[in-house]
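Listing of coords-v8.cif; format and content: mmCIF, N, CA and C atoms.
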data_entry
loop_
_atom_site.label_atom_id
_atom_site.label_comp_id
_atom_site.auth_asym_id
_atom_site.auth_seq_id
_atom_site.Cartn_x
_atom_site.Cartn_y
_atom_site.Cartn_z
N MET T 1 13.86 -15.14 -10.01
CA MET T 1 12.71 -14.79 -9.19
C MET T 1 12.37 -13.32 -9.41
N THR T 2 11.12 -13.05 -9.70
CA THR T 2 10.65 -11.68 -9.91
C THR T 2 10.04 -11.15 -8.62
N VAL T 3 10.37 -9.91 -8.31
CA VAL T 3 9.80 -9.25 -7.14
C VAL T 3 8.92 -8.11 -7.64
N ASN T 4 7.68 -8.09 -7.21
CA ASN T 4 6.75 -7.03 -7.58
C ASN T 4 6.65 -6.01 -6.46
N GLN T 5 6.89 -4.76 -6.80
CA GLN T 5 6.74 -3.67 -5.85
C GLN T 5 5.39 -3.01 -6.09
N ILE T 6 4.69 -2.69 -5.03
CA ILE T 6 3.41 -1.99 -5.14
C ILE T 6 3.64 -0.57 -4.63
N SER T 7 3.27 0.41 -5.45
CA SER T 7 3.37 1.82 -5.09
C SER T 7 1.96 2.35 -4.86
N ILE T 8 1.72 2.90 -3.68
CA ILE T 8 0.38 3.35 -3.31
C ILE T 8 0.42 4.85 -3.04
N PHE T 9 -0.46 5.59 -3.69
CA PHE T 9 -0.58 7.03 -3.50
C PHE T 9 -1.44 7.28 -2.27
N LEU T 10 -0.90 8.05 -1.32
CA LEU T 10 -1.64 8.35 -0.08
C LEU T 10 -1.64 9.85 0.17
N GLU T 11 -2.77 10.36 0.62
CA GLU T 11 -2.80 11.76 1.06
C GLU T 11 -1.94 11.86 2.31
N ASN T 12 -1.26 12.96 2.46
CA ASN T 12 -0.43 13.18 3.64
C ASN T 12 -1.32 13.75 4.75
N LYS T 13 -2.16 12.88 5.29
CA LYS T 13 -3.09 13.23 6.36
C LYS T 13 -2.98 12.20 7.47
N TYR T 14 -3.28 12.63 8.67
CA TYR T 14 -3.22 11.76 9.84
C TYR T 14 -4.06 10.49 9.61
N GLY T 15 -3.44 9.34 9.84
CA GLY T 15 -4.14 8.08 9.81
C GLY T 15 -4.18 7.35 8.47
N LYS T 16 -3.77 8.00 7.39
CA LYS T 16 -3.85 7.35 6.07
C LYS T 16 -2.92 6.15 5.96
N LEU T 17 -1.71 6.26 6.46
CA LEU T 17 -0.78 5.13 6.44
C LEU T 17 -1.32 3.99 7.31
N SER T 18 -1.83 4.34 8.46
CA SER T 18 -2.41 3.35 9.36
C SER T 18 -3.57 2.60 8.71
N GLU T 19 -4.39 3.29 7.93
CA GLU T 19 -5.53 2.66 7.26
C GLU T 19 -5.08 1.56 6.30
N ILE T 20 -4.12 1.88 5.45
CA ILE T 20 -3.68 0.91 4.46
C ILE T 20 -2.97 -0.27 5.12
N LEU T 21 -2.20 0.00 6.16
CA LEU T 21 -1.51 -1.08 6.86
C LEU T 21 -2.51 -1.99 7.56
N ALA T 22 -3.57 -1.43 8.10
CA ALA T 22 -4.61 -2.23 8.75
C ALA T 22 -5.34 -3.12 7.74
N LEU T 23 -5.61 -2.59 6.55
CA LEU T 23 -6.26 -3.39 5.51
C LEU T 23 -5.41 -4.60 5.13
N LEU T 24 -4.12 -4.38 4.98
CA LEU T 24 -3.22 -5.48 4.64
C LEU T 24 -3.12 -6.48 5.79
N ALA T 25 -3.06 -5.99 7.00
CA ALA T 25 -2.97 -6.87 8.17
C ALA T 25 -4.22 -7.74 8.31
N GLU T 26 -5.39 -7.16 8.05
CA GLU T 26 -6.64 -7.93 8.13
C GLU T 26 -6.64 -9.13 7.19
N GLU T 27 -5.98 -8.97 6.06
CA GLU T 27 -5.92 -10.05 5.06
C GLU T 27 -4.69 -10.92 5.22
N LYS T 28 -3.95 -10.72 6.31
CA LYS T 28 -2.75 -11.52 6.62
C LYS T 28 -1.67 -11.39 5.53
N ILE T 29 -1.57 -10.19 4.95
CA ILE T 29 -0.55 -9.92 3.94
C ILE T 29 0.67 -9.37 4.66
N ARG T 30 1.79 -10.06 4.50
CA ARG T 30 3.02 -9.70 5.21
C ARG T 30 3.85 -8.75 4.37
N ILE T 31 4.24 -7.63 4.96
CA ILE T 31 5.11 -6.67 4.29
C ILE T 31 6.55 -7.09 4.53
N ILE T 32 7.28 -7.27 3.43
CA ILE T 32 8.68 -7.69 3.50
C ILE T 32 9.59 -6.47 3.54
N ALA T 33 9.25 -5.43 2.76
CA ALA T 33 10.04 -4.20 2.72
C ALA T 33 9.10 -3.04 2.44
N ALA T 34 9.47 -1.87 2.93
CA ALA T 34 8.64 -0.68 2.70
C ALA T 34 9.50 0.58 2.71
N THR T 35 9.05 1.55 1.94
CA THR T 35 9.68 2.87 1.94
C THR T 35 8.59 3.89 1.65
N ILE T 36 8.79 5.10 2.14
CA ILE T 36 7.82 6.17 1.94
C ILE T 36 8.56 7.41 1.46
N ALA T 37 8.01 8.03 0.43
CA ALA T 37 8.48 9.33 -0.04
C ALA T 37 7.29 10.27 0.11
N ASP T 38 7.51 11.43 0.72
CA ASP T 38 6.35 12.30 0.94
C ASP T 38 6.68 13.77 0.69
N THR T 39 5.61 14.51 0.48
CA THR T 39 5.64 15.96 0.43
C THR T 39 4.59 16.43 1.43
N SER T 40 4.35 17.71 1.48
CA SER T 40 3.34 18.21 2.42
C SER T 40 1.92 17.81 2.00
N GLU T 41 1.72 17.46 0.73
CA GLU T 41 0.39 17.15 0.22
C GLU T 41 0.09 15.65 0.12
N TYR T 42 1.08 14.86 -0.27
CA TYR T 42 0.83 13.44 -0.53
C TYR T 42 2.09 12.63 -0.27
N GLY T 43 1.93 11.32 -0.31
CA GLY T 43 3.06 10.42 -0.15
C GLY T 43 2.90 9.21 -1.05
N ILE T 44 4.00 8.56 -1.33
CA ILE T 44 3.99 7.32 -2.08
C ILE T 44 4.57 6.24 -1.16
N LEU T 45 3.75 5.27 -0.83
CA LEU T 45 4.18 4.13 -0.04
C LEU T 45 4.55 3.02 -1.01
N ARG T 46 5.80 2.58 -0.96
CA ARG T 46 6.25 1.48 -1.82
C ARG T 46 6.50 0.27 -0.93
N ILE T 47 5.84 -0.83 -1.29
CA ILE T 47 5.95 -2.03 -0.47
C ILE T 47 6.24 -3.26 -1.33
N ILE T 48 6.91 -4.20 -0.71
CA ILE T 48 7.07 -5.54 -1.27
C ILE T 48 6.41 -6.46 -0.26
N VAL T 49 5.49 -7.29 -0.74
CA VAL T 49 4.70 -8.14 0.14
C VAL T 49 4.82 -9.60 -0.28
N ASP T 50 4.36 -10.48 0.60
CA ASP T 50 4.46 -11.91 0.31
C ASP T 50 3.42 -12.39 -0.70
N ASN T 51 2.34 -11.65 -0.90
CA ASN T 51 1.29 -12.03 -1.83
C ASN T 51 0.84 -10.79 -2.60
N PRO T 52 1.59 -10.37 -3.63
CA PRO T 52 1.27 -9.13 -4.34
C PRO T 52 -0.08 -9.14 -5.05
N GLU T 53 -0.51 -10.28 -5.54
CA GLU T 53 -1.81 -10.34 -6.23
C GLU T 53 -2.95 -10.04 -5.26
N LYS T 54 -2.91 -10.66 -4.10
CA LYS T 54 -3.95 -10.44 -3.09
C LYS T 54 -3.87 -9.00 -2.56
N ALA T 55 -2.66 -8.49 -2.35
CA ALA T 55 -2.50 -7.12 -1.88
C ALA T 55 -3.08 -6.13 -2.88
N ALA T 56 -2.82 -6.35 -4.17
CA ALA T 56 -3.35 -5.46 -5.20
C ALA T 56 -4.88 -5.48 -5.19
N GLU T 57 -5.46 -6.65 -5.00
CA GLU T 57 -6.92 -6.76 -4.93
C GLU T 57 -7.48 -5.99 -3.74
N VAL T 58 -6.85 -6.13 -2.58
CA VAL T 58 -7.29 -5.44 -1.37
C VAL T 58 -7.19 -3.93 -1.55
N ILE T 59 -6.08 -3.48 -2.09
CA ILE T 59 -5.86 -2.05 -2.29
C ILE T 59 -6.85 -1.48 -3.30
N GLN T 60 -7.08 -2.21 -4.37
CA GLN T 60 -8.04 -1.76 -5.38
C GLN T 60 -9.45 -1.69 -4.81
N ASN T 61 -9.85 -2.69 -4.05
CA ASN T 61 -11.19 -2.71 -3.45
C ASN T 61 -11.39 -1.58 -2.45
N ALA T 62 -10.29 -1.08 -1.89
CA ALA T 62 -10.36 0.05 -0.95
C ALA T 62 -10.28 1.40 -1.68
N HIS T 63 -10.21 1.35 -3.00
CA HIS T 63 -10.22 2.55 -3.86
C HIS T 63 -9.00 3.46 -3.69
N TYR T 64 -7.85 2.85 -3.46
CA TYR T 64 -6.60 3.62 -3.45
C TYR T 64 -6.02 3.62 -4.86
N VAL T 65 -5.28 4.67 -5.18
CA VAL T 65 -4.57 4.74 -6.45
C VAL T 65 -3.23 4.06 -6.24
N PHE T 66 -2.90 3.08 -7.11
CA PHE T 66 -1.67 2.31 -6.92
C PHE T 66 -1.19 1.76 -8.25
N SER T 67 0.04 1.27 -8.25
CA SER T 67 0.56 0.56 -9.41
C SER T 67 1.44 -0.58 -8.91
N VAL T 68 1.56 -1.62 -9.73
CA VAL T 68 2.41 -2.76 -9.41
C VAL T 68 3.58 -2.74 -10.36
#

Take the structure from the file and write it as structure tokens.
Amino acid sequence: MTVNQISIFLENKYGKLSEILALLAEEKIRIIAATIADTSEYGILRIIVDNPEKAAEVIQNAHYVFSV
């Protein structure tokens, strides 16, 4: 079984994490695991979700920088 991790680049600003989580929740994408690495300027949110293809589409349509 292959597990795809999605890494999302986020500005380290109030509400940015909340925005991406709300987008995923609206599409009923379940987060199985998550971790965040941050600096004062930016952060990388790494997530494993139940539907990585749909999550990637949602993230791309919202114009976030990410990789799978």

DSSP on the backbone: what in chain T comes out alpha helix (DSSP H), as a list in words? Lys16, Leu17, Ser18, Glu19, Ile20, Leu21, Ala22, Leu23, Leu24, Ala25, Glu26, Pro52, Glu53, Lys54, Ala55, Ala56, Glu57, Val58, Ile59, Gln60 and Asn61 of chain T

Output N, CA and C atoms for every residue in that selection, as a short mmCIF file (atom, residue, chain, number, x, y, z; two decimals), in the coordinates of the input.
data_model
loop_
_atom_site.label_atom_id
_atom_site.label_comp_id
_atom_site.auth_asym_id
_atom_site.auth_seq_id
_atom_site.Cartn_x
_atom_site.Cartn_y
_atom_site.Cartn_z
N LYS T 16 -3.77 8.00 7.39
CA LYS T 16 -3.85 7.35 6.07
C LYS T 16 -2.92 6.15 5.96
N LEU T 17 -1.71 6.26 6.46
CA LEU T 17 -0.78 5.13 6.44
C LEU T 17 -1.32 3.99 7.31
N SER T 18 -1.83 4.34 8.46
CA SER T 18 -2.41 3.35 9.36
C SER T 18 -3.57 2.60 8.71
N GLU T 19 -4.39 3.29 7.93
CA GLU T 19 -5.53 2.66 7.26
C GLU T 19 -5.08 1.56 6.30
N ILE T 20 -4.12 1.88 5.45
CA ILE T 20 -3.68 0.91 4.46
C ILE T 20 -2.97 -0.27 5.12
N LEU T 21 -2.20 0.00 6.16
CA LEU T 21 -1.51 -1.08 6.86
C LEU T 21 -2.51 -1.99 7.56
N ALA T 22 -3.57 -1.43 8.10
CA ALA T 22 -4.61 -2.23 8.75
C ALA T 22 -5.34 -3.12 7.74
N LEU T 23 -5.61 -2.59 6.55
CA LEU T 23 -6.26 -3.39 5.51
C LEU T 23 -5.41 -4.60 5.13
N LEU T 24 -4.12 -4.38 4.98
CA LEU T 24 -3.22 -5.48 4.64
C LEU T 24 -3.12 -6.48 5.79
N ALA T 25 -3.06 -5.99 7.00
CA ALA T 25 -2.97 -6.87 8.17
C ALA T 25 -4.22 -7.74 8.31
N GLU T 26 -5.39 -7.16 8.05
CA GLU T 26 -6.64 -7.93 8.13
C GLU T 26 -6.64 -9.13 7.19
N PRO T 52 1.59 -10.37 -3.63
CA PRO T 52 1.27 -9.13 -4.34
C PRO T 52 -0.08 -9.14 -5.05
N GLU T 53 -0.51 -10.28 -5.54
CA GLU T 53 -1.81 -10.34 -6.23
C GLU T 53 -2.95 -10.04 -5.26
N LYS T 54 -2.91 -10.66 -4.10
CA LYS T 54 -3.95 -10.44 -3.09
C LYS T 54 -3.87 -9.00 -2.56
N ALA T 55 -2.66 -8.49 -2.35
CA ALA T 55 -2.50 -7.12 -1.88
C ALA T 55 -3.08 -6.13 -2.88
N ALA T 56 -2.82 -6.35 -4.17
CA ALA T 56 -3.35 -5.46 -5.20
C ALA T 56 -4.88 -5.48 -5.19
N GLU T 57 -5.46 -6.65 -5.00
CA GLU T 57 -6.92 -6.76 -4.93
C GLU T 57 -7.48 -5.99 -3.74
N VAL T 58 -6.85 -6.13 -2.58
CA VAL T 58 -7.29 -5.44 -1.37
C VAL T 58 -7.19 -3.93 -1.55
N ILE T 59 -6.08 -3.48 -2.09
CA ILE T 59 -5.86 -2.05 -2.29
C ILE T 59 -6.85 -1.48 -3.30
N GLN T 60 -7.08 -2.21 -4.37
CA GLN T 60 -8.04 -1.76 -5.38
C GLN T 60 -9.45 -1.69 -4.81
N ASN T 61 -9.85 -2.69 -4.05
CA ASN T 61 -11.19 -2.71 -3.45
C ASN T 61 -11.39 -1.58 -2.45
#

I'd like to see the residues matched by the PyMOL selection byres ((chain T and resi 42) around 8) on this file, and ideally I'd get them as JSON, numbers by chain. {"T": [9, 10, 11, 12, 13, 37, 38, 39, 40, 41, 43, 44, 45]}

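Excluding Ile8 (chain T) itself and any same-chain residue fewer than 6 positions from it, the protein and nucleic acid residues within 10 Å of it, counting only C-alpha atoms, are Leu17, Ile20, Ile36, Gly43, Ile44, Leu45, Arg46, Ile47, Ala56, Ile59, Tyr64, Val65, Phe66, Ser67 and Val68 of chain T.
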
What residues come out when you apply the PyMOL selection byres (((chain T and resi 52 and name CA) around 9) and name CA) to this file, written as a list in words? Val3, Asn4, Gln5, Ile6, Ile29, Ile48, Val49, Asp50, Asn51, Glu53, Lys54, Ala55, Ala56, Glu57 and Val68 of chain T

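The coordinates place atom N of Thr2 (chain T) at 28.3 Å from atom N of Ser18 (chain T).
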
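Interatomic distance, CA of Met1 (chain T) against CA of Val58 (chain T): 23.4 Å.
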
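Among the residues of chain T, backbone DSSP assigns strand (DSSP E) to Gln5, Ile6, Ser7, Ile8, Phe9, Leu10, Glu11, Ile31, Ile32, Ala33, Ala34, Thr35, Ile36, Ala37, Asp38, Tyr42, Gly43, Ile44, Leu45, Arg46, Ile47, Ile48, Val49, Val65, Phe66 and Ser67 of chain T.
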
Figure out the distance between atom C of Lys28 (chain T) and atom N of Tyr14 (chain T), please, to one decimal in Å. 24.3 Å

As an mmCIF file, keeping the file's coordinate frame, could you write out region 54-65 of chain T once it has been completed with all heavy atoms?
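Result written to rebuild_21.cif:
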data_model
loop_
_atom_site.group_PDB
_atom_site.id
_atom_site.type_symbol
_atom_site.label_atom_id
_atom_site.label_comp_id
_atom_site.auth_asym_id
_atom_site.auth_seq_id
_atom_site.Cartn_x
_atom_site.Cartn_y
_atom_site.Cartn_z
ATOM 1 N N LYS T 54 -2.910 -10.660 -4.100
ATOM 2 C CA LYS T 54 -3.950 -10.440 -3.090
ATOM 3 C C LYS T 54 -3.870 -9.000 -2.560
ATOM 4 O O LYS T 54 -4.901 -8.353 -2.361
ATOM 5 C CB LYS T 54 -3.802 -11.434 -1.942
ATOM 6 C CG LYS T 54 -4.912 -11.348 -0.926
ATOM 7 C CD LYS T 54 -4.799 -12.446 0.100
ATOM 8 C CE LYS T 54 -5.923 -12.374 1.123
ATOM 9 N NZ LYS T 54 -5.792 -13.424 2.134
ATOM 10 N N ALA T 55 -2.660 -8.490 -2.350
ATOM 11 C CA ALA T 55 -2.500 -7.120 -1.880
ATOM 12 C C ALA T 55 -3.080 -6.130 -2.880
ATOM 13 O O ALA T 55 -3.787 -5.191 -2.494
ATOM 14 C CB ALA T 55 -1.026 -6.823 -1.625
ATOM 15 N N ALA T 56 -2.820 -6.350 -4.170
ATOM 16 C CA ALA T 56 -3.350 -5.460 -5.200
ATOM 17 C C ALA T 56 -4.880 -5.480 -5.190
ATOM 18 O O ALA T 56 -5.528 -4.427 -5.324
ATOM 19 C CB ALA T 56 -2.823 -5.866 -6.563
ATOM 20 N N GLU T 57 -5.460 -6.650 -5.000
ATOM 21 C CA GLU T 57 -6.920 -6.760 -4.930
ATOM 22 C C GLU T 57 -7.480 -5.990 -3.740
ATOM 23 O O GLU T 57 -8.467 -5.258 -3.857
ATOM 24 C CB GLU T 57 -7.310 -8.234 -4.838
ATOM 25 C CG GLU T 57 -8.790 -8.481 -4.797
ATOM 26 C CD GLU T 57 -9.134 -9.956 -4.670
ATOM 27 O OE1 GLU T 57 -8.365 -10.796 -5.182
ATOM 28 O OE2 GLU T 57 -10.161 -10.253 -4.040
ATOM 29 N N VAL T 58 -6.850 -6.130 -2.580
ATOM 30 C CA VAL T 58 -7.290 -5.440 -1.370
ATOM 31 C C VAL T 58 -7.190 -3.930 -1.550
ATOM 32 O O VAL T 58 -8.118 -3.190 -1.205
ATOM 33 C CB VAL T 58 -6.452 -5.905 -0.150
ATOM 34 C CG1 VAL T 58 -6.682 -5.022 1.055
ATOM 35 C CG2 VAL T 58 -6.761 -7.354 0.173
ATOM 36 N N ILE T 59 -6.080 -3.480 -2.090
ATOM 37 C CA ILE T 59 -5.860 -2.050 -2.290
ATOM 38 C C ILE T 59 -6.850 -1.480 -3.300
ATOM 39 O O ILE T 59 -7.414 -0.399 -3.092
ATOM 40 C CB ILE T 59 -4.398 -1.796 -2.727
ATOM 41 C CG1 ILE T 59 -3.445 -2.203 -1.606
ATOM 42 C CG2 ILE T 59 -4.185 -0.344 -3.119
ATOM 43 C CD1 ILE T 59 -2.008 -2.377 -2.046
ATOM 44 N N GLN T 60 -7.080 -2.210 -4.370
ATOM 45 C CA GLN T 60 -8.040 -1.760 -5.380
ATOM 46 C C GLN T 60 -9.450 -1.690 -4.810
ATOM 47 O O GLN T 60 -10.176 -0.724 -5.049
ATOM 48 C CB GLN T 60 -8.017 -2.694 -6.588
ATOM 49 C CG GLN T 60 -8.921 -2.249 -7.711
ATOM 50 C CD GLN T 60 -8.774 -3.101 -8.943
ATOM 51 O OE1 GLN T 60 -8.192 -4.180 -8.899
ATOM 52 N NE2 GLN T 60 -9.279 -2.634 -10.047
ATOM 53 N N ASN T 61 -9.850 -2.690 -4.050
ATOM 54 C CA ASN T 61 -11.190 -2.710 -3.450
ATOM 55 C C ASN T 61 -11.390 -1.580 -2.450
ATOM 56 O O ASN T 61 -12.520 -1.162 -2.203
ATOM 57 C CB ASN T 61 -11.463 -4.055 -2.791
ATOM 58 C CG ASN T 61 -11.650 -5.165 -3.800
ATOM 59 O OD1 ASN T 61 -11.918 -4.924 -4.973
ATOM 60 N ND2 ASN T 61 -11.487 -6.394 -3.354
ATOM 61 N N ALA T 62 -10.290 -1.080 -1.890
ATOM 62 C CA ALA T 62 -10.360 0.050 -0.950
ATOM 63 C C ALA T 62 -10.280 1.400 -1.680
ATOM 64 O O ALA T 62 -10.269 2.446 -1.032
ATOM 65 C CB ALA T 62 -9.240 -0.065 0.082
ATOM 66 N N HIS T 63 -10.210 1.350 -3.000
ATOM 67 C CA HIS T 63 -10.220 2.550 -3.860
ATOM 68 C C HIS T 63 -9.000 3.460 -3.690
ATOM 69 O O HIS T 63 -9.117 4.673 -3.804
ATOM 70 C CB HIS T 63 -11.513 3.348 -3.654
ATOM 71 C CG HIS T 63 -12.741 2.526 -3.841
ATOM 72 N ND1 HIS T 63 -13.141 2.056 -5.072
ATOM 73 C CD2 HIS T 63 -13.642 2.063 -2.953
ATOM 74 C CE1 HIS T 63 -14.239 1.343 -4.934
ATOM 75 N NE2 HIS T 63 -14.574 1.320 -3.664
ATOM 76 N N TYR T 64 -7.850 2.850 -3.460
ATOM 77 C CA TYR T 64 -6.600 3.620 -3.450
ATOM 78 C C TYR T 64 -6.020 3.620 -4.860
ATOM 79 O O TYR T 64 -6.217 2.682 -5.627
ATOM 80 C CB TYR T 64 -5.570 2.973 -2.507
ATOM 81 C CG TYR T 64 -5.832 3.238 -1.051
ATOM 82 C CD1 TYR T 64 -6.568 2.337 -0.283
ATOM 83 C CD2 TYR T 64 -5.344 4.382 -0.434
ATOM 84 C CE1 TYR T 64 -6.819 2.578 1.052
ATOM 85 C CE2 TYR T 64 -5.591 4.630 0.909
ATOM 86 C CZ TYR T 64 -6.317 3.716 1.642
ATOM 87 O OH TYR T 64 -6.568 3.958 2.969
ATOM 88 N N VAL T 65 -5.280 4.670 -5.180
ATOM 89 C CA VAL T 65 -4.570 4.740 -6.450
ATOM 90 C C VAL T 65 -3.230 4.060 -6.240
ATOM 91 O O VAL T 65 -2.504 4.373 -5.300
ATOM 92 C CB VAL T 65 -4.367 6.200 -6.896
ATOM 93 C CG1 VAL T 65 -3.535 6.274 -8.163
ATOM 94 C CG2 VAL T 65 -5.701 6.887 -7.076
#
